[in-house]
Structure formats: structure tokens, C-alpha cells
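Data block for structure_10.cif (mmCIF, C-alpha atoms):
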data_data
#
loop_
_atom_site.label_atom_id
_atom_site.label_comp_id
_atom_site.auth_asym_id
_atom_site.auth_seq_id
_atom_site.Cartn_x
_atom_site.Cartn_y
_atom_site.Cartn_z
CA MET A 285 12.81 28.31 -5.57
CA ASP A 286 14.10 24.89 -4.43
CA ILE A 287 14.62 26.30 -0.94
CA ILE A 288 11.03 27.59 -0.86
CA ILE A 289 9.60 24.24 -2.01
CA LEU A 290 11.58 22.18 0.50
CA THR A 291 10.80 24.61 3.32
CA LEU A 292 7.09 24.41 2.45
CA LEU A 293 7.30 20.60 2.45
CA PHE A 294 9.02 20.66 5.84
CA ILE A 295 6.40 23.03 7.28
CA THR A 296 3.62 20.81 5.88
CA ALA A 297 5.19 17.75 7.52
CA VAL A 298 5.44 19.56 10.85
CA LEU A 299 1.80 20.66 10.58
CA ILE A 300 0.78 17.04 9.88
CA LEU A 301 2.66 15.95 13.01
CA MET A 302 1.04 18.73 15.06
CA GLY A 303 -2.45 17.77 13.89
CA ALA A 304 -3.18 21.09 12.19
CA LYS A 305 -6.38 21.65 10.23
CA ARG A 306 -6.72 19.52 7.12
CA GLY A 307 -7.51 22.54 4.96
CA LEU A 308 -4.21 24.17 5.89
CA ILE A 309 -2.22 20.97 5.32
CA LEU A 310 -3.84 20.30 1.95
CA SER A 311 -3.43 23.95 0.86
CA LEU A 312 0.30 23.98 1.63
CA TRP A 313 0.70 20.59 -0.03
CA VAL A 314 -1.07 21.79 -3.19
CA ILE A 315 1.04 24.99 -3.28
CA SER A 316 4.20 22.85 -3.00
CA LEU A 317 2.99 20.62 -5.84
CA ILE A 318 2.21 23.63 -8.07
CA LEU A 319 5.62 25.19 -7.34
CA MET A 320 7.32 21.87 -8.09
CA LEU A 321 5.52 21.54 -11.43
CA GLY A 322 6.29 25.21 -12.21
CA LEU A 323 9.97 24.63 -11.50
CA PHE A 324 9.89 21.53 -13.70
CA ARG A 325 8.35 23.62 -16.49
CA TYR A 326 11.17 26.16 -16.01
CA HIS A 327 13.87 23.50 -16.33
CA VAL A 328 12.32 21.96 -19.46
CA THR A 329 14.10 24.30 -21.85
CA SER A 330 13.80 22.39 -25.13
CA ALA A 331 11.81 19.70 -26.90
CA LEU A 332 13.36 16.23 -26.84
CA ASP A 333 15.28 15.33 -29.98
CA LEU A 334 13.44 12.05 -30.35
CA SER A 335 11.15 10.51 -32.95
CA PHE A 336 9.27 7.27 -32.31
CA MET B 183 -50.98 20.29 12.92
CA SER B 184 -51.14 18.02 9.89
CA ALA B 185 -48.59 15.34 8.99
CA ALA B 186 -47.39 17.52 6.10
CA ASP B 187 -46.44 20.30 8.55
CA GLU B 188 -44.37 17.96 10.74
CA THR B 189 -42.21 16.47 7.95
CA PRO B 190 -39.83 19.48 7.48
CA ALA B 191 -39.00 19.49 11.20
CA VAL B 192 -37.86 15.87 11.06
CA THR B 193 -35.70 16.57 7.97
CA GLU B 194 -34.10 19.53 9.73
CA THR B 195 -33.12 17.38 12.72
CA VAL B 196 -31.52 14.77 10.46
CA ALA B 197 -29.58 17.49 8.60
CA GLU B 198 -28.27 18.92 11.87
CA THR B 199 -27.10 15.47 12.97
CA VAL B 200 -25.22 14.99 9.69
CA VAL B 201 -23.50 18.38 10.01
CA VAL B 202 -22.39 17.64 13.59
CA ALA B 203 -20.97 14.25 12.56
CA GLU B 204 -18.95 15.79 9.71
CA THR B 205 -17.41 18.67 11.63
CA ALA B 206 -16.62 17.16 15.02
CA ASP B 207 -12.97 16.02 15.38
CA VAL B 208 -13.80 12.91 17.38
CA PRO B 209 -13.54 9.28 16.29
CA PRO B 210 -16.26 9.20 13.63
CA ALA B 211 -18.69 6.45 12.77
CA ASP B 212 -16.74 5.39 9.68
CA ALA B 213 -13.39 5.20 11.50
CA GLY B 214 -11.48 2.00 10.83
CA GLN B 215 -12.16 -1.24 12.65
CA LYS B 216 -9.16 -3.32 13.66
CA THR B 217 -8.78 -6.13 11.13
CA ILE B 218 -5.82 -7.81 9.49
CA TRP B 219 -6.23 -5.38 6.56
CA SER B 220 -6.28 -2.33 8.83
CA THR B 221 -3.06 -3.51 10.50
CA LEU B 222 -1.42 -4.26 7.14
CA SER B 223 -2.37 -0.87 5.71
CA PHE B 224 -1.08 0.92 8.84
CA TRP B 225 2.33 -0.74 8.50
CA GLY B 226 2.18 -0.44 4.71
CA ALA B 227 2.11 3.34 5.15
CA HIS B 228 5.19 3.04 7.39
CA LEU B 229 6.95 0.93 4.78
CA TRP B 230 6.15 3.68 2.27
CA VAL B 231 7.70 6.35 4.54
CA LEU B 232 10.67 4.17 5.45
CA GLY B 233 11.22 3.19 1.79
CA TYR B 234 11.46 6.78 0.66
CA ALA B 235 13.54 7.69 3.72
CA GLY B 236 15.94 4.96 2.56
CA VAL B 237 15.97 6.32 -1.00
CA LEU B 238 16.62 9.86 0.24
CA GLY B 239 19.33 8.53 2.56
CA GLY B 240 20.89 6.69 -0.38
CA ALA B 241 20.78 9.85 -2.47
CA PHE B 242 22.55 11.68 0.36
CA THR B 243 25.22 8.97 0.49
CA ILE B 244 25.86 9.40 -3.24
CA GLN B 245 25.86 13.19 -2.83
CA PHE B 246 28.26 13.39 0.11
CA ALA B 247 30.29 10.15 0.03
CA MET B 248 30.74 9.97 -3.76
CA GLY B 249 30.75 13.74 -4.32
CA GLU B 250 28.01 13.61 -6.97
CA PHE B 251 25.92 16.77 -6.99
CA PRO B 252 22.18 16.41 -7.68
CA CYS B 253 20.96 18.07 -10.88
CA PRO B 254 17.73 20.15 -10.93
CA LEU B 255 15.71 17.19 -12.27
CA CYS B 256 17.17 14.94 -9.54
CA MET B 257 15.99 17.44 -6.92
CA LEU B 258 12.54 17.63 -8.53
CA GLN B 259 12.25 13.84 -8.22
CA ARG B 260 13.11 14.14 -4.53
CA TYR B 261 10.25 16.65 -4.18
CA GLY B 262 7.93 14.14 -5.86
CA MET B 263 9.03 11.51 -3.33
CA LEU B 264 8.52 13.93 -0.43
CA LEU B 265 5.10 15.08 -1.69
CA SER B 266 4.09 11.43 -1.99
CA THR B 267 5.44 10.51 1.45
CA LEU B 268 3.52 13.37 3.07
CA GLY B 269 0.36 11.49 2.02
CA ALA B 270 1.54 8.43 3.93
CA LEU B 271 2.59 10.58 6.89
CA PHE B 272 -0.86 12.20 6.92
CA ILE B 273 -2.50 8.74 7.04
CA ILE B 274 -0.19 7.54 9.84
CA MET B 275 -0.73 10.60 12.04
CA GLN B 276 -4.51 10.56 11.57
CA ALA B 277 -4.53 6.84 12.44
CA ARG B 278 -2.38 7.43 15.53
CA ARG B 279 -4.86 10.08 16.73
CA GLY B 280 -7.80 7.77 16.02
CA THR B 281 -9.36 10.37 13.68
CA LEU B 282 -8.74 8.60 10.37
CA THR B 283 -11.98 8.28 8.40
CA SER B 284 -12.42 6.75 4.96
CA THR B 285 -12.49 10.31 3.54
CA ARG B 286 -9.21 11.28 5.19
CA TYR B 287 -7.64 7.95 4.19
CA MET B 288 -8.58 8.62 0.57
CA GLN B 289 -7.15 12.16 0.84
CA GLY B 290 -3.85 10.76 2.10
CA LEU B 291 -3.74 8.12 -0.64
CA GLY B 292 -4.59 10.80 -3.21
CA MET B 293 -1.72 13.00 -1.99
CA GLY B 294 0.58 9.99 -2.28
CA ALA B 295 -0.53 9.10 -5.81
CA LEU B 296 -0.39 12.70 -7.09
CA GLY B 297 3.07 13.23 -5.62
CA ALA B 298 4.27 9.99 -7.22
CA MET B 299 2.81 10.93 -10.61
CA ALA B 300 4.46 14.36 -10.46
CA GLY B 301 7.77 12.70 -9.64
CA ALA B 302 7.28 10.13 -12.42
CA LEU B 303 6.76 12.97 -14.90
CA VAL B 304 10.24 14.28 -14.07
CA SER B 305 11.79 10.78 -14.12
CA VAL B 306 10.38 10.06 -17.58
CA ARG B 307 11.74 13.39 -18.86
CA GLN B 308 15.21 12.58 -17.52
CA ILE B 309 15.16 9.03 -18.87
CA LEU B 310 14.16 10.32 -22.32
CA LEU B 311 16.99 12.90 -22.20
CA HIS B 312 19.48 10.02 -21.97
CA ILE B 313 17.69 7.27 -23.88
CA LYS B 314 19.69 7.44 -27.11
CA PRO B 315 22.26 4.65 -27.67
CA GLY B 316 25.72 5.72 -26.59
CA ASP B 317 24.49 8.28 -24.05
CA PRO B 318 26.24 7.51 -20.74
CA GLY B 319 23.39 9.05 -18.71
CA TYR B 320 23.67 11.41 -15.75
CA GLY B 321 25.74 10.15 -12.82
CA GLU B 322 26.93 6.67 -11.99
CA PRO B 323 24.50 3.75 -12.31
CA VAL B 324 23.49 1.89 -9.15
CA MET B 325 22.89 -1.86 -9.63
CA GLY B 326 22.74 -1.38 -13.38
CA LEU B 327 20.25 1.47 -13.44
CA HIS B 328 20.62 5.22 -13.10
CA LEU B 329 18.98 6.87 -10.11
CA TYR B 330 16.22 8.44 -12.22
CA SER B 331 15.29 4.98 -13.55
CA TRP B 332 15.11 3.66 -9.98
CA ALA B 333 13.05 6.71 -9.04
CA LEU B 334 10.51 5.92 -11.77
CA ILE B 335 10.24 2.33 -10.47
CA THR B 336 9.53 3.59 -6.94
CA PHE B 337 6.84 5.99 -8.26
CA TYR B 338 5.13 3.09 -10.06
CA ILE B 339 5.27 1.03 -6.88
CA VAL B 340 3.56 3.84 -4.96
CA VAL B 341 0.79 4.16 -7.55
CA LEU B 342 0.35 0.37 -7.44
CA TYR B 343 0.20 0.46 -3.63
CA VAL B 344 -2.41 3.23 -3.70
CA ALA B 345 -4.51 1.23 -6.18
CA VAL B 346 -4.41 -1.92 -4.02
CA ALA B 347 -4.99 0.06 -0.79
CA SER B 348 -8.01 1.73 -2.38
CA MET B 349 -9.42 -1.66 -3.41
CA VAL B 350 -9.20 -3.06 0.14
CA SER B 351 -10.06 0.25 1.82
CA PRO B 352 -13.56 -0.73 3.01
CA ARG B 353 -11.85 -3.19 5.38
CA GLY B 354 -8.39 -1.69 5.38
CA ILE B 355 -8.60 1.76 6.94
CA PRO B 356 -5.39 1.88 9.02
CA VAL B 357 -5.77 1.48 12.76
CA ALA B 358 -2.76 2.31 14.97
CA PRO B 359 -1.67 0.19 17.92
CA VAL B 360 -2.64 1.82 21.22
CA GLY B 361 0.81 1.52 22.76
CA GLY B 362 3.82 -0.73 23.16
CA VAL B 363 6.51 -1.67 20.66
CA GLY B 364 4.33 -0.92 17.63
CA ARG B 365 3.84 2.67 18.69
CA THR B 366 7.58 3.08 19.33
CA ILE B 367 8.52 1.67 15.91
CA SER B 368 6.00 4.01 14.30
CA THR B 369 7.57 6.99 16.10
CA ILE B 370 11.09 5.95 15.06
CA VAL B 371 10.04 5.74 11.39
CA ILE B 372 8.50 9.24 11.58
CA VAL B 373 11.60 10.68 13.29
CA ILE B 374 13.92 9.17 10.65
CA PHE B 375 11.82 10.71 7.88
CA MET B 376 11.72 14.13 9.57
CA ILE B 377 15.50 14.13 10.08
CA LEU B 378 16.03 13.35 6.37
CA LEU B 379 13.53 16.04 5.34
CA ALA B 380 15.28 18.62 7.55
CA ALA B 381 18.66 17.52 6.17
CA ASN B 382 17.32 18.07 2.64
CA VAL B 383 16.32 21.64 3.57
CA ILE B 384 19.82 22.35 4.90
CA ALA B 385 21.50 20.67 1.91
CA ILE B 386 19.50 22.66 -0.65
CA ILE B 387 20.39 25.94 1.12
CA PHE B 388 24.08 25.06 0.66
CA LEU B 389 23.53 23.82 -2.90
CA GLU B 390 21.49 26.76 -4.18
CA GLY B 391 22.68 29.61 -1.98
CA PHE B 392 21.21 32.95 -2.97
CA ALA B 393 20.33 31.84 -6.52
CA TRP B 394 16.69 31.30 -7.49
CA VAL B 395 17.29 27.95 -9.18
CA LEU B 396 20.01 25.30 -9.41
CA PRO B 397 22.41 25.35 -12.37
CA ASP B 398 21.85 22.61 -14.97
CA ASP B 399 24.96 20.71 -13.92
CA PRO B 400 26.02 21.66 -10.37
CA ILE B 401 29.70 21.07 -9.57
CA SER B 402 29.94 22.79 -6.17
CA TYR B 403 27.92 24.17 -3.28
CA GLY B 404 26.57 27.51 -4.49
CA LEU B 405 26.27 29.13 -1.07
CA ILE B 406 29.96 28.57 -0.26
CA ASP B 407 30.98 29.88 -3.70
CA GLN B 408 28.77 32.95 -3.35
CA LEU B 409 30.05 33.72 0.17
CA GLN B 410 33.58 33.56 -1.26
CA GLY B 411 32.67 36.32 -3.69
CA GLN B 412 31.64 34.46 -6.82
CA PRO B 413 28.62 35.91 -8.68
CA ILE B 414 25.15 34.53 -8.03
CA PRO B 415 23.93 32.63 -11.14
CA SER B 416 20.92 34.25 -12.77
CA GLY B 417 19.27 31.03 -13.93
CA GLY B 418 19.56 27.28 -14.51
#
As C-alpha cells, how would this structure be written, given the file I've shared?
Amino acid sequence: MDIIILTLLFITAVLILMGAKRGLILSLWVISLILMLGLFRYHVTSALDLSF
Amino acid sequence: MSAADETPAVTETVAETVVVAETADVPPADAGQKTIWSTLSFWGAHLWVLGYAGVLGGAFTIQFAMGEFPCPLCMLQRYGMLLSTLGALFIIMQARRGTLTSTRYMQGLGMGALGAMAGALVSVRQILLHIKPGDPGYGEPVMGLHLYSWALITFYIVVLYVAVASMVSPRGIPVAPVGGVGRTISTIVIVIFMILLAANVIAIIFLEGFAWVLPDDPISYGLIDQLQGQPIPSGG
């Protein structure tokens, strides 16, 4: 999953440099963000043992 | 023909003009004017890109020179930094083409702020994992703070920058220099960032290999291990 996210980020950066359509850039960026948050959710395996 | 019959025709013409102005990819009417604020915000975006390029370069130094492997949460914070920096890169490239409008500037700033907030979410989680007294934390501290604490500070700085840039945006839409040294420096900053981004792609291929996710506490490069016949981990 990490490879997919970083590859998407790289492709988005290249598209920004090439002046691709904004819709495409924003779509790829949003997909990367969603994948990143999904991966974060996957790695959060337990509640924190904290009490404030 | 009465006056009432003529009114819709006038409205239609105005609507057509608005549509043309929104869709054409030419310097629009609300493109930035060159002021001290527009110059500052153009180079501010470069400082943003260069700052995170420096952080990513530092993380690489720790990874390769000190042999400290990044954990999954460390990598997620890098993605937050990259997502945020793409907002700044978007602003810079639109400004260099002369097509940056207030709308596009706000989109770039929004990308930057959202990326920083996503990264901050991960930083806060990692700080809270190690917040109890006696916990040594993950990895070696740098200048008294662990890398995830530094990462949180950088995310706050980005959100602060976006807030200030939004406040001055009516006069501060970035305008790029037409040529000369300024243009060259801008290109160098972009190239440095792209090299670091490409290096991150290569590094994660070696780190993760054929596994779907990184292990919780990586101690080697997964791809090399897997090519040498070790089993592919099923999860983090």
C-alpha cells in the first residue's frame, strides 16, 4: 500500500509539473489522501492506554 | 419589441461572458498583480517546498547513515508532508505559467493545509504512544525531540502559514519572476523536491518489497529479504 501511495504522489507531482488538468491533479491528490488515512486506520490497532 | 422582451437577451450575453472567463486557460482577470506580498508569497511557497525537502533529506540521512528504519507511522508522516508540499508545488507551477487565480491559489493552500492536518493526526498518535514517563520513544532524538515531535511542529507551521497567506491573499497571490536568477532558483528548488520524492518511491520499494504494508518495527529491507527466500509478511 505504501508503494501505491508514494507512486500516486509522484505521479501527481509530475502532472502538476506538466500542467495537467486541475480535476485530474485534485482527484489523484484526494485518492492519495484517502489511501493515507486508510493506511493510518489500518495501523491503529488498539486504543491508547491513557486517561487524562 | 418591448423592453421586457430585450432583457433576457442581455442576461444571456453576460452569462456567456462569465462562462468563457471561467473555462479559458489564459491569464484571468483575477490573476495576481506584482506587489511585495505577491513576491513574498511566491518565495514563501518555495520555502515550504525546500523546508520539507530538507526534512525528507534529513529523514533519509537518519535512515541510511544511522541505519534507523522508518516505522509505518513515520512513513505516514512523510506522506502528510508530501501531500502538503504538493499544494505548494501546485501554487508555484500555476504562478510560473501565469495562470494562478485566487481560486487556484486557495485550492493549493487547501491541499497544503489538509495534507498537514493529516500528517499532524499521525504525529499526535505517535507522540501519545510514547508520552508516558519512562518511555524512551521511537528512535533517537534529534536536538532534544523525537522526529515525530519535530514533524508535528512543521505541520503546525504549515497550517499557520496557510492562515497568514489566506489573510493577505487579496494582495498576495504569488507572481513568478519572468526570467533570470529567480526563475533558476525556483527550478532548482523544484528539482531537489522531485529527486527526494523519487528517492522515497525507490526506498519504499526496497523497504516494503512484495508485502502490502510495513511491519510495525522494520529492522531490514523487506525486498532484499524476500528475494533471498524469506516469507512475505502478511500484515503490519
Which polymer residues have any atom within 7 Å of an atom of range 285-287 of chain A, counting all atoms listed in the file, with same-chain residues fewer than 2 positions away left out, as a list of chain:residue names?
A:Ile289, A:Leu290, A:Thr291, B:Val383, B:Ile386, B:Ile387, B:Trp394, B:Val395
Mind working out the centre and edge lengths of an axis-aligned box for range 240-243 of chain B, all listed atoms inside, 8 Å added to each side, rounded to one decimal in Å and written as lines of an AutoDock Vina configuration file?
center_x = 23.0
center_y = 9.2
center_z = -1.0
size_x = 20.4
size_y = 21.0
size_z = 19.0
Applied to the shown file, which residues does the PyMOL selection byres ((chain B) within 8 of (chain A)) return, written as a PyMOL selection string?
chain B and resi 254-255+258+261+264-265+268+271-272+275-276+297+300+304+310-311+376+379-380+382-383+386-387+390+394-396+418
Hey, what comes out of the PyMOL selection byres ((chain B and resi 267) around 10) on this file? Could you write it as a ChimeraX atom specification?
/A:297 /B:227-228,230-235,261-266,268-273,290-291,293-295,297-298,340,375
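When CA of Leu342 in chain B is paired with CA of Thr243 in chain B, their separation reads 27.5 Å.
Interatomic distance, CA of Tyr403 in chain B to CA of Pro323 in chain B: 22.6 Å.
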Could you tell me, as a list in words, which residues have any atom at most 12 Å from (32.1, 24.8, -4.2), counting all atoms listed in the file?
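Here is the list of nearby residues: Gly249, Phe251, Phe388, Leu389, Glu390, Gly391, Pro400, Ile401, Ser402, Tyr403, Gly404, Leu405, Ile406, Asp407, Gln408, Leu409, Gln410, Gly411 and Gln412 of chain B.
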Could you dump the residues just selected with C-alpha atoms as a PDB file, in the coordinates of the input?
ATOM      1  CA  GLY B 249      30.750  13.740  -4.320  1.00  0.00           C
ATOM      2  CA  PHE B 251      25.920  16.770  -6.990  1.00  0.00           C
ATOM      3  CA  PHE B 388      24.080  25.060   0.660  1.00  0.00           C
ATOM      4  CA  LEU B 389      23.530  23.820  -2.900  1.00  0.00           C
ATOM      5  CA  GLU B 390      21.490  26.760  -4.180  1.00  0.00           C
ATOM      6  CA  GLY B 391      22.680  29.610  -1.980  1.00  0.00           C
ATOM      7  CA  PRO B 400      26.020  21.660 -10.370  1.00  0.00           C
ATOM      8  CA  ILE B 401      29.700  21.070  -9.570  1.00  0.00           C
ATOM      9  CA  SER B 402      29.940  22.790  -6.170  1.00  0.00           C
ATOM     10  CA  TYR B 403      27.920  24.170  -3.280  1.00  0.00           C
ATOM     11  CA  GLY B 404      26.570  27.510  -4.490  1.00  0.00           C
ATOM     12  CA  LEU B 405      26.270  29.130  -1.070  1.00  0.00           C
ATOM     13  CA  ILE B 406      29.960  28.570  -0.260  1.00  0.00           C
ATOM     14  CA  ASP B 407      30.980  29.880  -3.700  1.00  0.00           C
ATOM     15  CA  GLN B 408      28.770  32.950  -3.350  1.00  0.00           C
ATOM     16  CA  LEU B 409      30.050  33.720   0.170  1.00  0.00           C
ATOM     17  CA  GLN B 410      33.580  33.560  -1.260  1.00  0.00           C
ATOM     18  CA  GLY B 411      32.670  36.320  -3.690  1.00  0.00           C
ATOM     19  CA  GLN B 412      31.640  34.460  -6.820  1.00  0.00           C
TER      20      GLN B 412
END
Interatomic distance between CA of Lys314 in chain B and CA of Glu250 in chain B?
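That distance, rounded to one decimal, is 22.6 Å.
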Near-Tyr330 in chain B list (8 Å; only C-alpha atoms; drop same-chain fewer than 4 positions) as a PyMOL selection string:
chain B and resi 256+259+305+308-309+334
